[in-house]
Amino acid sequence: MLGTVDTGEEDGLVNLRTGPGTDSPVMLGVDSGQRVLVLARNQAATWLYVRTADGVTGWMSADYVVTGQPVESYPVQ
């Protein structure tokens, strides 16, 4: 399912991390408004495992991804 990165700001960035948590290293920043493919979520449904348009996969806070379905409906990874 596709989702849209939304920081609430026109030109904000959301960190894409190696794991589901702020302790995990940041791989890159994803621009607000970019589309991502949501692949999975963590057990608590607070982080989403996504693939960017460039094919990079990583974890992003669910607070910054707008999807067409509840976060809990994605499989747990």
# chains A, B, ... in the order shown; residues from 1 in each chain; ligands from 1

$ select_by_dssp --residues "chain A" --states "strand (DSSP E or B)" --output "MDAnalysis selection string"
chainID A and resid 2:5 13:17 26:31 35:41 47:51 57:61 65:67 76

$ closest_residue --among "A:Gly12, A:Pro25, A:Gly55, A:Gly19" --to "A:Asn42" --atoms "only C-alpha atoms"
A:Gly19

$ residues_around --residues "A:Gln69" --least-positions-apart "3" --cutoff "10 Å" --atoms "only C-alpha atoms" --output "ChimeraX atom specification"
/A:1-3,66,72-74

$ residues_around --residues "A:Gln43" --least-positions-apart "2" --cutoff "9 Å" --atoms "only C-alpha atoms" --output "ChimeraX atom specification"
/A:41,45-47,72,75-77
